[in-house]
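*Asks:* Dropping the structure in here first, questions after.
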Amino acid sequence: MTAHPALDKLTAIDSLLSEEERDLATTVRSFADDKLRPYLADWFEAGEIPAREIAQQLGALGVLGMHLDGYECAGASATMYGLACQELEAADSGLRSLMSVQGSLAMTAIHHFGSEEQKQEWLPRMAAGEALGCFGLTEPDFGSDPAGMRTRAKRDGDDWVINGSKMWITNGTVADVAVVWAQTDDKIRGFVVPTDTKGFTATEVKHKLSLRASKTAGLSFEDMRLPGSAVLPEVSGLRGPLTCLSEARFGIIFGAMGAARDCLETALEYAGSRIIYDKPLAGFQLTQAKLADMTLELMKGQLLALHIGRQKDAGTLQPAQVSVGKLNNCREAIKIARECRTILAANGITLDYPVLRHANNLESVMTYEGTSEVHQLIVGQALTGEAAFR
Ligand SMILES: Cc1cc2nc3c(=O)[nH]c(=O)nc-3n(C[C@H](O)[C@H](O)[C@H](O)COP(=O)(O)OP(=O)(O)OC[C@H]3O[C@@H](n4cnc5c(N)ncnc54)[C@H](O)[C@@H]3O)c2cc1C
């Protein structure tokens, strides 16, 4: 599966995969290498991606909402979904984000908590990449603590009227449908909002230094009127968004290792061909120490991802275990990306190589779907029984 035979031989991760899993990983990797990688530097530099076109290609590949059943979703295993995330993120975390937000957040919310009409209306088109979704939970003043959200949905006869705003919403400016979480007189509820609804505005977040090959938006809702049927009927309270976040976090456990692997492959190749003091950089002990240490962390992270994937498929996975994986794999991936950058030295700071692009992207990946600190607190609570969030 990796492009570096020696790394492949040493980690031997493929030997733990079924033939079907290996085939899927190879397919997604080839797609990413052929259809995305050649354009990534330009997209990152411009801060623009052809999101609709990419979504349609991902839909044709069958990876959008691939872990969901029915409604023209692929019904694949969690591990297969994770492997697809790994291969897409080996190209760029922004493209894996597009897939995660579509499949794990927006589609999962509708699939698990939506009415039959909502599912029929949106899921087949979203699986095909014909309709794009976004997921509005975070607000300008409430990220780690979404319970404090100020966006409010009020009943007006049979309708709902929503006022408020959301921030940092991936796919926000390109979405056809937004899953919006709002406080009601009772509890937090989710709403399925077509983005052409009057009162809905999405404004692009500019000047990002991370995840530039991804669209990020602020959303605002001004007297946004929705029919009673827009609410997700099957969930209330934070369980709704947290269930979806857990799905997206799961994908990141694999995805972050894809970015790390791409950096390590790049550094290995570079070190083999860069001549310093008349011999390849790869022949120096200090370089080998770096490469060896990074390989250990990559391999441990990949094994952890697979362990967590197998548990999810067995139905035994606990949310705190997802936090273990997200915390470790994001933390180690960004360390690997930065260390690889040192091997490429000056060349490493350009978009001619992917290492600093990955490192910058991983800053966001460490932050969204629960920051590292939040995951430390979740793991801490699981270990001690004491909640230390407040
Ligand atoms: C590129 C990008 C895309 C995103 N996409 C989406 C999206 O599609 N939908 C969406 O809803 N959100 C999205 N987010 C938002 C993301 O989930 C939040 O940024 C994240 O939850 C952190 O919230 P915050 O930035 O408000 O940080 P804060 O919550 O303000 O945290 C600030 C600092 O405090 C720390 N902290 C928090 N709680 C504690 C505590 N109890 N003890 C000690 N320290 C603590 C945090 O770890 C952090 O270091 C995205 C973010 C980015 C950067």
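Starting from 1 in every chain, residues are counted up; chains themselves are A, B, ... following the order of the structure tokens, and ligands are numbered from 1 as listed.
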Using only C-alpha atoms and all ligand atoms, which residues of the polymer chains come no farther than 8 Å from ligand 1? I'd like the answer as a PyMOL selection string.

*Replies:* chain A and resi 101+134-145+166-172+210-211+214+216+363-365+367-374+377+388-390

*Asks:* With a distance cut-off of 10 Å and only C-alpha atoms, select the neighbouring residues of Asp196 (chain A), excluding the residue or stretch itself and same-chain residues fewer than 4 positions from it, and output the selection as a ChimeraX atom specification.

*Replies:* /A:175-177,200-201

*Asks:* Selection from above, N, CA and C atoms, as a compact mmCIF listing (two decimals), in the first residue's frame, can you write it?

*Replies:*
```txt
# COMPACT_ATOMS: atom_id res chain seq x y z
N ALA A 175 -22.15 24.13 0.42
CA ALA A 175 -23.14 23.10 0.79
C ALA A 175 -24.52 23.40 0.21
N ASP A 176 -25.25 22.32 -0.08
CA ASP A 176 -26.67 22.43 -0.45
C ASP A 176 -27.54 22.30 0.78
N VAL A 177 -27.01 21.61 1.78
CA VAL A 177 -27.80 21.38 2.99
C VAL A 177 -26.88 21.52 4.21
N PHE A 200 -30.54 32.42 5.59
CA PHE A 200 -29.28 31.65 5.73
C PHE A 200 -28.18 32.33 4.93
N THR A 201 -27.06 32.66 5.58
CA THR A 201 -25.91 33.25 4.87
C THR A 201 -24.64 32.50 5.25
```

*Asks:* May I have all residues of region 158-371 of chain A that DSSP, computed from the backbone, assigns to alpha helix (DSSP H), given as JSON, numbers by chain?

*Replies:* {"A": [239, 240, 241, 242, 243, 244, 245, 246, 247, 248, 249, 250, 251, 252, 253, 254, 255, 256, 257, 258, 259, 260, 261, 262, 263, 264, 265, 266, 267, 268, 269, 270, 271, 272, 273, 285, 286, 287, 288, 289, 290, 291, 292, 293, 294, 295, 296, 297, 298, 299, 300, 301, 302, 303, 304, 305, 306, 307, 308, 309, 310, 311, 312, 313, 314, 319, 320, 321, 322, 323, 324, 325, 326, 327, 328, 329, 330, 331, 332, 333, 334, 335, 336, 337, 338, 339, 340, 341, 342, 343, 344, 355, 356, 357, 358, 359, 360, 361, 362, 363, 364, 365, 366, 367]}

*Asks:* So that I can see what lies close to Leu327 (chain A), please list as a PyMOL selection string the residues with an atom at most 8 Å from it, counting only C-alpha atoms and leaving out residues fewer than 2 positions away in the same chain.

*Replies:* chain A and resi 323-325+329-331+366+372+375-376

*Asks:* Need to verify the contact set: Gly258 (chain A), 8 Å, only C-alpha atoms, exclusion of same-chain residues closer than 5 positions in sequence. Can you return it as a PyMOL selection string?

*Replies:* chain A and resi 85-91

*Asks:* Write out, as a PDB file, in the first residue's frame, the residues just selected, with N, CA, C and O atoms.

*Replies:*
```
ATOM      1  N   CYS A  85     -10.156   7.047   4.497  1.00  0.00           N
ATOM      2  CA  CYS A  85      -9.710   8.327   5.081  1.00  0.00           C
ATOM      3  C   CYS A  85      -8.190   8.430   5.033  1.00  0.00           C
ATOM      4  O   CYS A  85      -7.629   9.488   4.727  1.00  0.00           O
ATOM      5  N   GLN A  86      -7.522   7.321   5.371  1.00  0.00           N
ATOM      6  CA  GLN A  86      -6.055   7.332   5.380  1.00  0.00           C
ATOM      7  C   GLN A  86      -5.507   7.666   4.000  1.00  0.00           C
ATOM      8  O   GLN A  86      -4.593   8.478   3.849  1.00  0.00           O
ATOM      9  N   GLU A  87      -6.076   7.055   2.979  1.00  0.00           N
ATOM     10  CA  GLU A  87      -5.553   7.275   1.630  1.00  0.00           C
ATOM     11  C   GLU A  87      -5.869   8.679   1.115  1.00  0.00           C
ATOM     12  O   GLU A  87      -5.061   9.284   0.429  1.00  0.00           O
ATOM     13  N   LEU A  88      -7.035   9.198   1.463  1.00  0.00           N
ATOM     14  CA  LEU A  88      -7.356  10.573   1.016  1.00  0.00           C
ATOM     15  C   LEU A  88      -6.498  11.591   1.744  1.00  0.00           C
ATOM     16  O   LEU A  88      -6.037  12.580   1.170  1.00  0.00           O
ATOM     17  N   GLU A  89      -6.282  11.348   3.035  1.00  0.00           N
ATOM     18  CA  GLU A  89      -5.499  12.323   3.811  1.00  0.00           C
ATOM     19  C   GLU A  89      -4.015  12.236   3.465  1.00  0.00           C
ATOM     20  O   GLU A  89      -3.275  13.198   3.679  1.00  0.00           O
ATOM     21  N   ALA A  90      -3.579  11.108   2.905  1.00  0.00           N
ATOM     22  CA  ALA A  90      -2.201  11.046   2.397  1.00  0.00           C
ATOM     23  C   ALA A  90      -2.033  12.101   1.302  1.00  0.00           C
ATOM     24  O   ALA A  90      -0.938  12.623   1.090  1.00  0.00           O
ATOM     25  N   ALA A  91      -3.119  12.412   0.608  1.00  0.00           N
ATOM     26  CA  ALA A  91      -3.076  13.508  -0.377  1.00  0.00           C
ATOM     27  C   ALA A  91      -3.171  14.842   0.362  1.00  0.00           C
ATOM     28  O   ALA A  91      -2.263  15.669   0.288  1.00  0.00           O
TER      29      ALA A  91
END
```

*Asks:* What are the closest atom pairs, with distances in Å to one decimal, for all residues of region 42-72 of chain A lying within 10 Å of region 341-362 of chain A? Consider only C-alpha atoms, order rows by chain and residue number, and present the result as a Markdown table.

*Replies:*
```
| residue | atom | partner | partner_atom | distance |
| --- | --- | --- | --- | --- |
| A:Asp42 | CA | A:Leu351 | CA | 8.5 |
| A:Phe44 | CA | A:Arg357 | CA | 8.0 |
| A:Glu45 | CA | A:Leu351 | CA | 8.0 |
```

*Asks:* For the residues in that selection, give me all heavy atoms as a PDB file, in the first residue's frame.

*Replies:*
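Written output follows (result.pdb):
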```
ATOM      1  N   ASP A  42      -1.469  23.856  -6.070  1.00  0.00           N
ATOM      2  CA  ASP A  42      -2.175  25.030  -6.610  1.00  0.00           C
ATOM      3  C   ASP A  42      -3.426  25.330  -5.786  1.00  0.00           C
ATOM      4  O   ASP A  42      -3.719  26.490  -5.492  1.00  0.00           O
ATOM      5  CB  ASP A  42      -2.576  24.797  -8.072  1.00  0.00           C
ATOM      6  CG  ASP A  42      -1.364  24.837  -8.988  1.00  0.00           C
ATOM      7  OD1 ASP A  42      -0.320  25.374  -8.553  1.00  0.00           O
ATOM      8  OD2 ASP A  42      -1.450  24.324 -10.114  1.00  0.00           O
ATOM      9  N   PHE A  44      -3.975  24.569  -2.694  1.00  0.00           N
ATOM     10  CA  PHE A  44      -3.574  25.046  -1.367  1.00  0.00           C
ATOM     11  C   PHE A  44      -3.134  26.501  -1.458  1.00  0.00           C
ATOM     12  O   PHE A  44      -3.525  27.340  -0.644  1.00  0.00           O
ATOM     13  CB  PHE A  44      -2.437  24.166  -0.822  1.00  0.00           C
ATOM     14  CG  PHE A  44      -2.107  24.405   0.623  1.00  0.00           C
ATOM     15  CD1 PHE A  44      -2.684  23.637   1.624  1.00  0.00           C
ATOM     16  CD2 PHE A  44      -1.205  25.408   1.001  1.00  0.00           C
ATOM     17  CE1 PHE A  44      -2.384  23.849   2.963  1.00  0.00           C
ATOM     18  CE2 PHE A  44      -0.904  25.627   2.329  1.00  0.00           C
ATOM     19  CZ  PHE A  44      -1.487  24.846   3.317  1.00  0.00           C
ATOM     20  N   GLU A  45      -2.328  26.805  -2.486  1.00  0.00           N
ATOM     21  CA  GLU A  45      -1.824  28.175  -2.620  1.00  0.00           C
ATOM     22  C   GLU A  45      -2.970  29.166  -2.870  1.00  0.00           C
ATOM     23  O   GLU A  45      -3.030  30.232  -2.273  1.00  0.00           O
ATOM     24  CB  GLU A  45      -0.817  28.257  -3.756  1.00  0.00           C
ATOM     25  CG  GLU A  45      -0.046  29.555  -3.767  1.00  0.00           C
ATOM     26  CD  GLU A  45       1.325  29.384  -4.389  1.00  0.00           C
ATOM     27  OE1 GLU A  45       1.394  28.949  -5.554  1.00  0.00           O
ATOM     28  OE2 GLU A  45       2.311  29.654  -3.703  1.00  0.00           O
TER      29      GLU A  45
END
```

*Asks:* Select from region 19-79 of chain A every residue with an atom at most 10 Å from any atom of region 291-311 of chain A, then for each give the shortest pair of atoms and their distance in Å to one decimal, using only C-alpha atoms, rows by chain and rising number, as a tab-separated table.

*Replies:*
```
residue	atom	partner	partner_atom	distance
A:Ser77	CA	A:Gly309	CA	8.6
A:Ala78	CA	A:Gly309	CA	6.0
A:Thr79	CA	A:Gly309	CA	4.7
```

*Asks:* From region 94-172 of chain A, collect each residue whose DSSP state is strand (DSSP E) and return the set as a VMD selection string.

*Replies:* chain A and resid 133 to 136 152 to 156 159 to 170

*Asks:* Would you save the residues of that selection, restricted to N, CA and C atoms, as a PDB file, in the first residue's frame?

*Replies:*
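Final file, part.pdb:
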```pdb
ATOM      1  N   GLY A 133     -23.067  18.548   1.932  1.00  0.00           N
ATOM      2  CA  GLY A 133     -23.590  18.904   3.253  1.00  0.00           C
ATOM      3  C   GLY A 133     -22.544  19.574   4.117  1.00  0.00           C
ATOM      4  N   CYS A 134     -23.015  20.333   5.100  1.00  0.00           N
ATOM      5  CA  CYS A 134     -22.113  20.841   6.136  1.00  0.00           C
ATOM      6  C   CYS A 134     -22.773  20.619   7.495  1.00  0.00           C
ATOM      7  N   PHE A 135     -22.029  20.887   8.557  1.00  0.00           N
ATOM      8  CA  PHE A 135     -22.458  20.530   9.907  1.00  0.00           C
ATOM      9  C   PHE A 135     -22.136  21.701  10.821  1.00  0.00           C
ATOM     10  N   GLY A 136     -23.155  22.387  11.278  1.00  0.00           N
ATOM     11  CA  GLY A 136     -22.931  23.607  12.056  1.00  0.00           C
ATOM     12  C   GLY A 136     -23.146  23.395  13.541  1.00  0.00           C
ATOM     13  N   ARG A 152     -30.525  29.967  18.562  1.00  0.00           N
ATOM     14  CA  ARG A 152     -31.798  29.553  19.165  1.00  0.00           C
ATOM     15  C   ARG A 152     -32.832  29.247  18.096  1.00  0.00           C
ATOM     16  N   ALA A 153     -33.565  28.180  18.323  1.00  0.00           N
ATOM     17  CA  ALA A 153     -34.705  27.847  17.454  1.00  0.00           C
ATOM     18  C   ALA A 153     -35.971  27.986  18.290  1.00  0.00           C
ATOM     19  N   LYS A 154     -36.905  28.805  17.779  1.00  0.00           N
ATOM     20  CA  LYS A 154     -38.156  29.015  18.519  1.00  0.00           C
ATOM     21  C   LYS A 154     -39.321  28.529  17.676  1.00  0.00           C
ATOM     22  N   ARG A 155     -40.297  27.973  18.332  1.00  0.00           N
ATOM     23  CA  ARG A 155     -41.522  27.548  17.659  1.00  0.00           C
ATOM     24  C   ARG A 155     -42.362  28.763  17.283  1.00  0.00           C
ATOM     25  N   ASP A 156     -42.902  28.771  16.059  1.00  0.00           N
ATOM     26  CA  ASP A 156     -43.870  29.802  15.677  1.00  0.00           C
ATOM     27  C   ASP A 156     -44.977  29.063  14.928  1.00  0.00           C
ATOM     28  N   ASP A 159     -44.080  26.137  12.524  1.00  0.00           N
ATOM     29  CA  ASP A 159     -42.728  26.414  12.017  1.00  0.00           C
ATOM     30  C   ASP A 159     -41.707  26.534  13.154  1.00  0.00           C
ATOM     31  N   TRP A 160     -40.433  26.548  12.716  1.00  0.00           N
ATOM     32  CA  TRP A 160     -39.328  26.923  13.606  1.00  0.00           C
ATOM     33  C   TRP A 160     -38.699  28.187  13.034  1.00  0.00           C
ATOM     34  N   VAL A 161     -38.264  29.089  13.920  1.00  0.00           N
ATOM     35  CA  VAL A 161     -37.540  30.272  13.457  1.00  0.00           C
ATOM     36  C   VAL A 161     -36.194  30.287  14.180  1.00  0.00           C
ATOM     37  N   ILE A 162     -35.116  30.325  13.380  1.00  0.00           N
ATOM     38  CA  ILE A 162     -33.761  30.212  13.967  1.00  0.00           C
ATOM     39  C   ILE A 162     -33.001  31.518  13.790  1.00  0.00           C
ATOM     40  N   ASN A 163     -32.366  31.945  14.872  1.00  0.00           N
ATOM     41  CA  ASN A 163     -31.461  33.097  14.848  1.00  0.00           C
ATOM     42  C   ASN A 163     -30.144  32.698  15.510  1.00  0.00           C
ATOM     43  N   GLY A 164     -29.049  33.203  14.948  1.00  0.00           N
ATOM     44  CA  GLY A 164     -27.752  32.906  15.565  1.00  0.00           C
ATOM     45  C   GLY A 164     -26.662  32.788  14.515  1.00  0.00           C
ATOM     46  N   SER A 165     -25.538  32.231  14.928  1.00  0.00           N
ATOM     47  CA  SER A 165     -24.433  32.092  13.978  1.00  0.00           C
ATOM     48  C   SER A 165     -23.566  30.896  14.340  1.00  0.00           C
ATOM     49  N   LYS A 166     -22.852  30.424  13.351  1.00  0.00           N
ATOM     50  CA  LYS A 166     -21.896  29.321  13.511  1.00  0.00           C
ATOM     51  C   LYS A 166     -20.574  29.755  12.899  1.00  0.00           C
ATOM     52  N   MET A 167     -19.507  29.118  13.324  1.00  0.00           N
ATOM     53  CA  MET A 167     -18.175  29.526  12.843  1.00  0.00           C
ATOM     54  C   MET A 167     -17.341  28.289  12.529  1.00  0.00           C
ATOM     55  N   TRP A 168     -16.432  28.444  11.592  1.00  0.00           N
ATOM     56  CA  TRP A 168     -15.487  27.386  11.230  1.00  0.00           C
ATOM     57  C   TRP A 168     -16.190  26.188  10.605  1.00  0.00           C
ATOM     58  N   ILE A 169     -17.152  26.456   9.751  1.00  0.00           N
ATOM     59  CA  ILE A 169     -17.956  25.357   9.225  1.00  0.00           C
ATOM     60  C   ILE A 169     -17.417  24.888   7.857  1.00  0.00           C
ATOM     61  N   THR A 170     -16.841  23.690   7.872  1.00  0.00           N
ATOM     62  CA  THR A 170     -16.275  23.106   6.652  1.00  0.00           C
ATOM     63  C   THR A 170     -17.386  22.898   5.618  1.00  0.00           C
TER      64      THR A 170
END
```

*Asks:* Using only C-alpha atoms for the distances, tell me which of A:Asp8, A:Glu48, A:Ala271, A:Thr197 is nearest to Gln285 (chain A).

*Replies:* A:Ala271

*Asks:* Which residue is closest to Arg212 (chain A)? Choose from A:Ala178, A:Leu383, A:Leu317, A:Leu95 and count only C-alpha atoms.

*Replies:*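 Of A:Ala178, A:Leu383, A:Leu317, A:Leu95, the one nearest Arg212 (chain A) is A:Leu95, counting only C-alpha atoms.
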
*Asks:* CA of Ile49 (chain A) to CA of Ala217 (chain A): how many Å, to one decimal?

*Replies:*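 Computing it gives 13.9 Å between the two atoms.
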
*Asks:* Using only C-alpha atoms, which residue out of A:Arg189, A:Lys206, A:Arg125, A:Arg37 lies closest to Ala60 (chain A)?

*Replies:*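 Nearest to Ala60 (chain A): A:Arg125.
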
*Asks:* What does the distance between CA of Lys9 (chain A) and CA of Ala289 (chain A) come to in Å, to one decimal place?

*Replies:*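 Result for CA of Lys9 (chain A) versus CA of Ala289 (chain A): 18.3 Å, one decimal.
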
*Asks:* Between CA of Phe31 (chain A) and CA of Ala3 (chain A), what is the distance in Å, rounded to a tenth?

*Replies:* 14.1 Å

*Asks:* Fewer than 4 positions away in the same chain doesn't count, so skip those; otherwise give me all residues within 7 Å of Ala260 (chain A), counting only C-alpha atoms, as a list in words.

*Replies:*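 That gives Ala256, Leu264, Leu298, Ala333, Ile336 and Ala337 of chain A.
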
*Asks:* If we count only C-alpha atoms and set the cut-off at 8 Å, which residues sit around region 18-23 of chain A, ignoring sequence neighbours fewer than 3 positions away in its own chain? Please answer as a ChimeraX atom specification.

*Replies:* /A:1,14-15,26-27,79-80,83

*Asks:* Keeping only N, CA, C and O atoms, write the selected residues to a file as an mmCIF file, in the first residue's frame.

*Replies:*
```cif
data_model
loop_
_atom_site.group_PDB
_atom_site.id
_atom_site.type_symbol
_atom_site.label_atom_id
_atom_site.label_comp_id
_atom_site.auth_asym_id
_atom_site.auth_seq_id
_atom_site.Cartn_x
_atom_site.Cartn_y
_atom_site.Cartn_z
ATOM 1 N N MET A 1 0.814 -1.215 0.000
ATOM 2 C CA MET A 1 0.000 0.000 0.000
ATOM 3 C C MET A 1 0.851 1.271 0.000
ATOM 4 O O MET A 1 0.489 2.257 -0.589
ATOM 5 N N ASP A 14 -0.080 -4.075 5.677
ATOM 6 C CA ASP A 14 -0.965 -4.726 4.700
ATOM 7 C C ASP A 14 -1.305 -6.158 5.089
ATOM 8 O O ASP A 14 -2.369 -6.665 4.764
ATOM 9 N N SER A 15 -0.361 -6.805 5.791
ATOM 10 C CA SER A 15 -0.580 -8.217 6.135
ATOM 11 C C SER A 15 -1.740 -8.383 7.111
ATOM 12 O O SER A 15 -2.251 -9.477 7.307
ATOM 13 N N THR A 26 -5.966 0.556 -2.168
ATOM 14 C CA THR A 26 -5.234 0.785 -3.417
ATOM 15 C C THR A 26 -6.051 1.651 -4.373
ATOM 16 O O THR A 26 -5.529 2.566 -5.016
ATOM 17 N N THR A 27 -7.350 1.387 -4.438
ATOM 18 C CA THR A 27 -8.221 2.164 -5.338
ATOM 19 C C THR A 27 -8.249 3.634 -4.929
ATOM 20 O O THR A 27 -8.113 4.530 -5.768
ATOM 21 N N THR A 79 -13.627 -0.167 9.356
ATOM 22 C CA THR A 79 -12.200 -0.234 8.999
ATOM 23 C C THR A 79 -11.994 0.187 7.536
ATOM 24 O O THR A 79 -11.043 0.916 7.226
ATOM 25 N N MET A 80 -12.894 -0.244 6.673
ATOM 26 C CA MET A 80 -12.786 0.167 5.254
ATOM 27 C C MET A 80 -12.900 1.694 5.154
ATOM 28 O O MET A 80 -12.158 2.337 4.410
ATOM 29 N N LEU A 83 -9.688 3.249 6.251
ATOM 30 C CA LEU A 83 -8.623 3.123 5.244
ATOM 31 C C LEU A 83 -8.816 4.135 4.114
ATOM 32 O O LEU A 83 -7.841 4.701 3.605
#
```

*Asks:* Give me the residues within 12 Å of Leu68 (chain A) as a ChimeraX atom specification, counting only C-alpha atoms and dropping any in the same chain fewer than 2 places off.

*Replies:* /A:62-66,70-78,80-81,102-112,119,123-124,126-127,247

*Asks:* My list of candidates is A:Gln57, A:Ser246, A:Gln381, A:Ser236. Which is closest to Ala128 (chain A) when distances are computed with only C-alpha atoms?

*Replies:*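 Closest to Ala128 (chain A), using only C-alpha atoms: A:Gln57.
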